[in-house]
file model_24.txt (compact mmCIF, C-alpha atoms)
# COMPACT_ATOMS: atom_id res chain seq x y z
CA MET A 4 88.35 78.14 81.91
CA ARG A 5 87.62 80.92 84.38
CA ASN A 6 84.31 82.68 83.60
CA SER A 7 84.64 85.61 85.94
CA GLY A 8 87.52 86.82 88.02
CA PRO A 9 89.31 89.99 89.02
CA PRO A 10 90.70 92.24 86.26
CA LYS A 11 94.15 91.04 85.19
CA MET A 12 95.79 94.39 86.00
CA LEU A 13 94.35 94.43 89.54
CA GLU A 14 95.27 90.81 90.13
CA ALA A 15 98.84 91.52 88.97
CA THR A 16 99.05 94.46 91.42
CA VAL A 17 97.82 92.26 94.27
CA ALA A 18 100.29 89.53 93.28
CA PHE A 19 103.11 92.10 93.27
CA LEU A 20 102.24 93.25 96.81
CA VAL A 21 102.01 89.75 98.30
CA PRO A 22 105.41 88.24 99.29
CA PRO A 23 106.48 85.55 96.77
CA ALA A 24 106.70 82.78 99.40
CA CYS A 25 102.91 82.85 99.92
CA ARG A 26 101.81 84.52 96.65
CA GLU A 27 100.39 81.42 94.98
CA GLU A 28 97.92 80.49 97.74
CA VAL A 29 96.96 84.03 98.80
CA VAL A 30 96.27 85.33 95.28
CA GLY A 31 94.47 82.05 94.49
CA ASP A 32 92.28 82.33 97.61
CA LEU A 33 91.42 85.96 96.82
CA CYS A 34 90.55 84.97 93.24
CA GLU A 35 88.32 82.12 94.45
CA ARG A 36 86.45 84.52 96.77
CA TYR A 37 85.90 87.06 93.96
CA ARG A 38 82.29 88.24 93.72
CA SER A 39 82.63 91.88 92.66
CA LEU A 40 85.37 94.41 92.07
CA GLY A 41 84.64 96.29 95.33
CA GLN A 42 84.57 93.11 97.40
CA TYR A 43 87.87 91.96 95.84
CA ILE A 44 89.63 95.26 96.59
CA LEU A 45 88.29 95.30 100.16
CA ASP A 46 89.35 91.69 100.65
CA ALA A 47 92.85 92.44 99.30
CA VAL A 48 93.22 95.57 101.47
CA ARG A 49 92.17 93.60 104.56
CA THR A 50 94.40 90.62 103.78
CA ILE A 51 97.71 91.88 102.33
CA PRO A 52 98.96 93.81 105.42
CA PHE A 53 98.40 90.72 107.61
CA VAL A 54 100.23 88.52 105.11
CA ILE A 55 103.21 90.91 104.99
CA VAL A 56 103.38 91.18 108.80
CA SER A 57 103.17 87.40 109.15
CA ARG A 58 105.95 86.96 106.60
CA ILE A 59 108.12 89.54 108.42
CA ARG A 60 107.51 87.69 111.70
CA ARG A 61 108.70 84.48 110.05
CA THR A 62 111.75 85.93 108.31
CA ALA A 63 113.05 88.59 110.72
CA CYS A 64 115.52 87.61 113.42
CA PRO A 65 115.74 90.10 116.34
CA GLN A 66 119.41 89.32 117.07
CA MET A 67 120.34 89.92 113.44
CA LEU A 68 118.38 93.16 113.35
CA VAL A 69 120.16 94.45 116.46
CA MET A 70 123.48 93.57 114.87
CA GLN A 71 122.56 95.31 111.61
CA ALA A 72 121.25 98.38 113.45
CA PHE A 73 124.52 98.54 115.35
CA THR A 74 126.47 98.32 112.07
CA PHE A 75 124.40 101.01 110.31
CA TYR A 76 124.65 103.32 113.31
CA LEU A 77 128.40 102.83 113.64
CA GLY A 78 128.86 103.50 109.91
CA LEU A 79 126.96 106.78 110.12
CA LEU A 80 128.63 107.75 113.39
CA GLY A 81 132.06 107.04 111.90
CA ALA A 82 131.22 109.19 108.87
CA ALA A 83 129.98 112.02 111.11
CA TRP A 84 133.20 111.78 113.12
CA LEU A 85 135.27 112.02 109.95
CA LYS A 86 133.24 114.70 108.11
CA ASP A 87 131.71 116.95 110.76
CA ARG A 88 132.62 116.54 114.42
CA THR A 89 130.27 119.33 115.51
CA PHE A 90 127.39 117.08 114.35
CA VAL A 91 128.57 114.34 116.74
CA GLY A 92 128.94 116.87 119.57
CA ASP A 93 125.38 118.07 119.04
CA GLU A 94 122.88 116.16 121.20
CA SER A 95 120.21 116.03 118.49
CA GLY A 96 122.84 114.97 115.94
CA LEU A 97 123.23 111.52 117.47
CA LEU A 98 119.46 111.14 117.66
CA ARG A 99 119.03 112.23 114.03
CA LEU A 100 121.24 109.31 112.98
CA VAL A 101 118.61 106.92 114.35
CA ILE A 102 116.10 107.88 111.61
CA PRO A 103 118.16 106.60 108.61
CA VAL A 104 119.13 103.54 110.66
CA GLY A 105 115.45 102.73 111.22
CA ILE A 106 114.66 103.22 107.53
CA ALA A 107 117.63 101.05 106.47
CA LEU A 108 116.40 98.30 108.82
CA LEU A 109 112.93 98.55 107.30
CA GLY A 110 114.46 98.02 103.84
CA LEU A 111 116.41 95.03 105.11
CA VAL A 112 113.34 93.46 106.75
CA LEU A 113 111.25 93.96 103.59
CA ASP A 114 114.01 92.45 101.43
CA ASP A 115 113.96 89.29 103.57
CA ALA A 116 110.15 89.15 103.62
CA TYR A 117 109.95 89.48 99.82
CA ALA A 118 112.81 87.08 99.08
CA GLN A 119 112.02 83.90 97.16
CA ALA A 120 111.84 80.84 99.41
CA GLY A 121 115.08 78.88 99.48
CA GLN A 122 118.77 79.52 99.80
CA ARG A 123 120.02 82.77 98.28
CA SER A 124 123.33 83.53 96.61
CA GLN A 125 125.90 85.83 98.24
CA MET A 126 124.94 88.58 95.75
CA ALA A 127 121.24 88.22 96.58
CA LEU A 128 122.07 88.47 100.29
CA ALA A 129 124.02 91.69 99.73
CA ARG A 130 120.94 93.20 98.05
CA GLY A 131 119.29 93.73 101.46
CA PRO A 132 121.81 96.27 102.82
CA VAL A 133 121.92 98.00 99.40
CA LEU A 134 118.13 98.34 99.40
CA GLY A 135 118.00 99.46 103.05
CA LEU A 136 120.75 102.05 102.76
CA GLY A 137 119.38 103.22 99.40
CA LEU A 138 115.99 103.74 101.02
CA ALA A 139 117.67 105.65 103.88
CA LEU A 140 119.47 107.90 101.38
CA VAL A 141 116.30 108.62 99.37
CA SER A 142 114.28 109.28 102.53
CA GLN A 143 116.69 112.06 103.47
CA ALA A 144 115.42 114.11 100.52
CA PHE A 145 111.92 113.77 101.97
CA PHE A 146 113.08 114.86 105.43
CA ARG A 147 114.95 117.83 103.92
CA ALA A 148 111.68 118.88 102.24
CA ILE A 149 109.47 118.62 105.35
CA ASP A 150 111.89 119.56 108.15
CA ALA A 151 115.59 120.13 107.56
CA ASP A 152 116.31 119.65 111.29
CA LEU A 153 115.39 115.97 110.96
CA ALA A 154 117.75 115.37 108.02
CA VAL A 155 121.35 114.19 108.26
CA PRO A 156 123.84 116.21 106.15
CA GLY A 157 124.42 114.71 102.69
CA PRO A 158 128.18 113.98 103.00
CA ILE A 159 127.65 112.17 106.32
CA MET A 160 124.90 110.06 104.78
CA LEU A 161 127.01 109.20 101.72
CA TYR A 162 130.16 108.31 103.65
CA GLY A 163 128.12 106.57 106.34
CA CYS A 164 126.38 104.35 103.79
CA ALA A 165 129.75 103.61 102.13
CA LEU A 166 131.13 102.52 105.53
CA ALA A 167 128.09 100.55 106.64
CA LEU A 168 127.44 98.73 103.35
CA PRO A 169 130.48 96.37 103.32
CA LEU A 170 130.17 95.66 107.06
CA SER A 171 126.45 94.93 106.83
CA SER A 172 126.93 92.73 103.75
CA LEU A 173 129.74 90.85 105.52
CA ILE A 174 127.47 90.10 108.50
CA ARG A 175 124.71 88.89 106.18
CA THR A 176 127.00 86.55 104.28
CA LEU A 177 128.53 85.21 107.52
CA ILE A 178 125.12 84.69 109.14
CA PRO A 179 122.46 84.09 106.46
CA PRO A 180 118.88 85.21 107.26
CA VAL A 181 116.46 82.83 108.99
CA THR A 182 114.65 81.79 105.80
CA ASP A 183 117.90 80.64 104.20
CA GLN A 184 118.89 78.65 107.28
CA LEU A 185 115.47 76.97 107.41
CA HIS A 186 115.76 75.85 103.79
CA GLN A 187 115.13 72.11 103.39
CA ALA A 188 114.45 71.72 107.11
CA ASN A 189 111.41 69.51 107.51
CA ILE A 190 110.59 70.48 111.10
CA PRO A 191 108.61 73.41 112.54
CA ALA A 192 110.51 76.70 112.50
CA ASP A 193 110.15 77.33 116.24
CA TRP A 194 111.78 73.96 117.06
CA LEU A 195 114.71 74.66 114.76
CA LYS A 196 115.24 78.03 116.46
CA LEU A 197 115.55 76.18 119.78
CA SER A 198 117.92 73.54 118.38
CA GLY A 199 121.71 73.58 118.16
CA ASP A 200 121.85 74.96 114.60
CA TRP A 201 121.10 78.39 116.00
CA ARG A 202 123.81 78.26 118.63
CA GLY A 203 126.32 78.09 115.82
CA SER A 204 124.88 81.17 114.18
CA SER A 205 124.92 83.08 117.51
CA ARG A 206 128.62 82.30 117.83
CA ALA A 207 129.23 83.52 114.29
CA GLY A 208 127.20 86.63 115.16
CA LEU A 209 129.39 87.38 118.16
CA ILE A 210 132.50 86.98 116.01
CA ALA A 211 131.02 89.35 113.43
CA VAL A 212 130.21 91.97 116.10
CA ALA A 213 133.74 91.61 117.53
CA VAL A 214 135.19 92.18 114.02
CA VAL A 215 133.01 95.30 113.59
CA ILE A 216 134.06 96.71 116.97
CA ALA A 217 137.73 96.00 116.22
CA ILE A 218 137.43 97.83 112.87
CA ILE A 219 135.82 100.82 114.58
CA ILE A 220 138.48 100.97 117.32
CA ILE A 221 141.35 100.71 114.82
CA GLY A 222 139.66 103.27 112.54
CA THR A 223 139.16 105.74 115.39
CA ALA A 224 142.79 105.31 116.49
CA LEU A 225 144.01 105.98 112.93
CA VAL A 226 141.80 109.08 112.63
CA ARG A 227 143.13 110.46 115.94
CA ARG A 228 146.73 110.08 114.71
CA MET B 14 110.41 67.73 121.81
CA ALA B 15 108.62 71.06 121.98
CA LYS B 16 106.19 71.63 124.85
CA SER B 17 102.60 72.31 123.78
CA ASP B 18 101.53 75.79 124.91
CA ALA B 19 97.97 76.66 125.91
CA LEU B 20 95.96 77.58 122.83
CA GLY B 21 94.31 80.97 122.44
CA GLN B 22 90.58 81.02 121.67
CA PHE B 23 91.13 81.93 118.02
CA GLU B 24 93.73 79.19 117.62
CA GLN B 25 91.25 76.68 119.06
CA VAL B 26 88.65 77.75 116.50
CA VAL B 27 91.12 77.51 113.60
CA LEU B 28 92.34 74.06 114.70
CA THR B 29 88.72 72.89 115.04
CA ALA B 30 88.01 74.17 111.52
CA ILE B 31 91.00 72.25 110.12
CA LEU B 32 89.95 69.12 112.01
CA SER B 33 86.39 69.24 110.69
CA LEU B 34 87.39 70.06 107.10
CA ARG B 35 89.82 67.10 106.92
CA GLN B 36 91.34 66.91 103.40
CA ASP B 37 89.63 70.11 102.20
CA ALA B 38 91.26 72.53 104.66
CA TYR B 39 92.76 75.52 102.83
CA GLY B 40 92.53 79.33 103.19
CA VAL B 41 89.00 79.91 101.82
CA THR B 42 87.32 76.89 103.43
CA ILE B 43 89.08 77.41 106.77
CA HIS B 44 87.94 81.06 106.77
CA ALA B 45 84.33 80.06 106.04
CA LYS B 46 84.36 77.41 108.77
CA VAL B 47 85.97 79.77 111.30
CA GLU B 48 83.32 82.44 110.57
CA GLU B 49 80.67 79.78 111.17
CA LEU B 50 82.25 78.68 114.47
CA ALA B 51 83.01 82.21 115.70
CA GLN B 52 79.51 83.60 115.06
CA PRO B 53 78.48 86.40 115.45
CA LYS B 54 82.08 87.69 115.17
CA ARG B 55 83.41 88.52 111.71
CA VAL B 56 86.89 87.26 110.92
CA SER B 57 89.23 88.57 108.21
CA LEU B 58 91.06 86.24 105.84
CA GLY B 59 94.35 87.93 106.84
CA ALA B 60 93.88 86.94 110.49
CA ILE B 61 93.46 83.33 109.37
CA TYR B 62 96.77 83.40 107.45
CA VAL B 63 98.64 84.89 110.42
CA THR B 64 97.27 82.20 112.77
CA LEU B 65 97.97 79.39 110.28
CA ASP B 66 101.59 80.56 109.89
CA ARG B 67 102.08 80.80 113.66
CA MET B 68 100.61 77.36 114.29
CA GLU B 69 102.67 75.83 111.50
CA ASP B 70 105.81 77.29 113.10
CA LYS B 71 104.78 75.76 116.43
CA GLY B 72 104.31 72.35 114.79
CA TYR B 73 100.55 72.11 115.44
CA ILE B 74 99.74 71.86 111.74
CA SER B 75 101.59 71.15 108.50
CA SER B 76 100.85 72.24 104.94
CA TRP B 77 101.34 71.15 101.35
CA MET B 78 100.51 72.61 97.94
CA SER B 79 97.69 71.02 95.93
CA ASP B 80 97.27 71.00 92.15
CA PRO B 81 96.22 74.28 90.45
CA THR B 82 92.48 74.72 89.78
CA PRO B 83 90.74 76.85 87.11
CA GLU B 84 88.37 78.64 89.56
CA ARG B 85 91.45 80.03 91.27
CA GLY B 86 92.91 81.39 88.04
CA GLY B 87 95.17 78.34 87.68
CA ARG B 88 96.69 78.75 91.11
CA ALA B 89 97.37 76.03 93.69
CA LYS B 90 95.89 75.80 97.19
CA ARG B 91 97.93 75.47 100.36
CA CYS B 92 96.20 72.66 102.26
CA TYR B 93 96.60 72.12 105.99
CA ARG B 94 96.34 69.12 108.28
CA LEU B 95 96.48 68.70 112.04
CA GLU B 96 99.68 67.23 113.48
CA ALA B 97 99.96 65.13 116.67
CA LEU B 98 101.01 68.17 118.73
CA GLY B 99 98.02 70.16 117.44
CA GLU B 100 95.65 67.29 118.18
CA ARG B 101 96.96 67.05 121.74
CA ALA B 102 96.66 70.83 122.28
CA LEU B 103 93.09 70.80 120.91
CA GLN B 104 92.12 67.85 123.10
CA GLU B 105 93.45 69.69 126.18
CA SER B 106 91.52 72.85 125.21
CA ALA B 107 88.30 70.92 124.55
CA ALA B 108 88.61 69.14 127.92
CA THR B 109 89.12 72.49 129.68
CA ALA B 110 86.12 74.01 127.88
CA LEU B 111 83.99 71.03 128.92
CA ARG B 112 85.06 71.36 132.57
CA ILE B 113 84.24 75.09 132.50
CA SER B 114 80.82 74.40 130.98
CA GLU B 115 80.07 71.73 133.61
CA ALA B 116 81.21 73.96 136.48
CA VAL B 117 79.10 76.89 135.24
CA ALA B 118 76.06 74.63 134.70
CA LYS B 119 76.40 73.35 138.28
CA ILE B 120 76.18 76.89 139.67
CA TRP B 121 73.70 78.46 137.27
CA GLY B 122 71.58 75.33 136.94
CA LYS B 123 70.38 73.14 134.07
CA GLU B 124 68.04 75.88 132.82
CA TRP B 125 71.08 77.97 131.91
CA ALA B 126 72.58 75.09 129.93
CA LYS B 127 69.23 74.51 128.16
CA HIS B 128 68.81 78.21 127.35
CA TRP B 129 72.32 78.55 125.89
CA GLY B 130 72.05 75.21 124.13
CA LYS B 131 68.95 76.54 122.31
CA GLN B 132 70.59 79.92 121.67
CA TRP B 133 73.69 78.32 120.12
CA GLY B 134 71.49 75.99 118.12
CA LYS B 135 69.63 78.99 116.65
CA GLU B 136 72.83 80.85 115.82
CA ALA B 137 74.31 77.79 114.12
CA GLY B 138 71.13 77.60 112.04
call {"tool": "encode", "arguments": {"input": "model_24.txt", "output": "structure tokens"}}
result
Amino acid sequence: MRNSGPPKMLEATVAFLVPPACREEVVGDLCERYRSLGQYILDAVRTIPFVIVSRIRRTACPQMLVMQAFTFYLGLLGAAWLKDRTFVGDESGLLRLVIPVGIALLGLVLDDAYAQAGQRSQMALARGPVLGLGLALVSQAFFRAIDADLAVPGPIMLYGCALALPLSSLIRTLIPPVTDQLHQANIPADWLKLSGDWRGSSRAGLIAVAVVIAIIIIGTALVRR
Amino acid sequence: MAKSDALGQFEQVVLTAILSLRQDAYGVTIHAKVEELAQPKRVSLGAIYVTLDRMEDKGYISSWMSDPTPERGGRAKRCYRLEALGERALQESAATALRISEAVAKIWGKEWAKHWGKQWGKEAG
């Protein structure tokens, strides 16, 4: 039996903040080091950000992120083109689209970092873009409150998310995130990234980007008609 | 086969801690040993996790989960051990450190080596 340890509520909060893949050992280590409430909180505050960053480093793939950023941006740009062409013509308009793209990517990265270790279902993979774009939509309310010039008009955001969501989900199902590809691999992650398995995924990535570009070109041609 | 990169100073300390702890190398004990080796610098537990993850990805160390223990609220430990690549990298680093020490002692004399030997002895307790 444990005689003294952190309060259950606090320990549950810490466990919630630590990514599931390393929750067991990190929460256990923090519990073992428990001496007082203040020390435990300080320890947790000093440890959790490092653990999250380390998990993001392990799960995020730069090539995939570039591809997803491209998809999100094209979705929003397409929606702006359809709904309000003056927004596209405005210099700051194109730059304003970068903010929701960045927030959507953050959502995507966090979804991968907080995913359970192991292979995920197609539905679980599609959750990342939903979370990212949802976060981007919600953040627009915040930007409208602090500075309306930073916000993207509501209809553009809505249509943009509707366009980007299926494309982004398609890319994720075609090229699963790093953690899913590493599942059951009993060799160091850096070696696997250098091995042939990743060449296959790069090829699939190029195909996915080509499909996205083709959709955009055909869509633009149809809109012009 | 992956090429072994040169180890950073912190990585050397963490690998040395794992080597000296043998079967008992996990987050808390590694942190305590690293703080002892890196005196007078303070090291956060988070920095240890980041380095352990990075070195596991490079193939220097490997990990496994132990059985849950009551003092950890029924949670398991992630134990680490040195792999062949890590051993080789640590040997190279230790050899380099030895050569540096010898070269410095040649120039600054044996008194310097004696003085720092005593100083380190005091700090290590």
call {"tool": "interface_residues", "arguments": {"input": "model_24.txt", "of": "chain B", "to": "chain A", "cutoff": "12 Å", "atoms": "only C-alpha atoms", "output": "VMD selection string"}}
result
chain B and resid 14 to 17 39 to 45 56 to 93 96 98
call {"tool": "atom_distance", "arguments": {"input": "model_24.txt", "atom1": "atom CA of A:Val104", "atom2": "atom CA of A:Ala72"}}
result
6.2 Å
call {"tool": "atom_distance", "arguments": {"input": "model_24.txt", "atom1": "atom CA of A:Gly92", "atom2": "atom CA of A:Leu68"}}
result
26.7 Å
call {"tool": "atom_distance", "arguments": {"input": "model_24.txt", "atom1": "atom CA of A:Tyr76", "atom2": "atom CA of A:Pro132"}}
result
13.0 Å
call {"tool": "residues_around", "arguments": {"input": "model_24.txt", "residues": "B:Gln25", "least_positions_apart": "3", "cutoff": "12 Å", "atoms": "all atoms listed in the file", "output": "count of residues only"}}
result
31
call {"tool": "residues_around", "arguments": {"input": "model_24.txt", "residues": "A:Thr176", "least_positions_apart": "5", "cutoff": "8 Å", "atoms": "only C-alpha atoms", "output": "ChimeraX atom specification"}}
result
/A:125,128-129
call {"tool": "residues_near_point", "arguments": {"input": "model_24.txt", "point": "(129.3, 87.0, 96.4)", "cutoff": "12 Å", "atoms": "all atoms listed in the file", "output": "list of chain:residue names"}}
result
A:Arg123, A:Ser124, A:Gln125, A:Met126, A:Ala127, A:Leu128, A:Ala129, A:Arg130, A:Pro169, A:Ser172, A:Leu173, A:Arg175, A:Thr176, A:Leu177
call {"tool": "axis_aligned_box", "arguments": {"input": "model_24.txt", "around": "stretch 77-96 of chain A", "padding_each_side": "4 Å", "output": "AutoDock Vina command-line options"}}
result
--center_x 127.7 --center_y 111.1 --center_z 114.7 --size_x 23.1 --size_y 24.5 --size_z 21.1
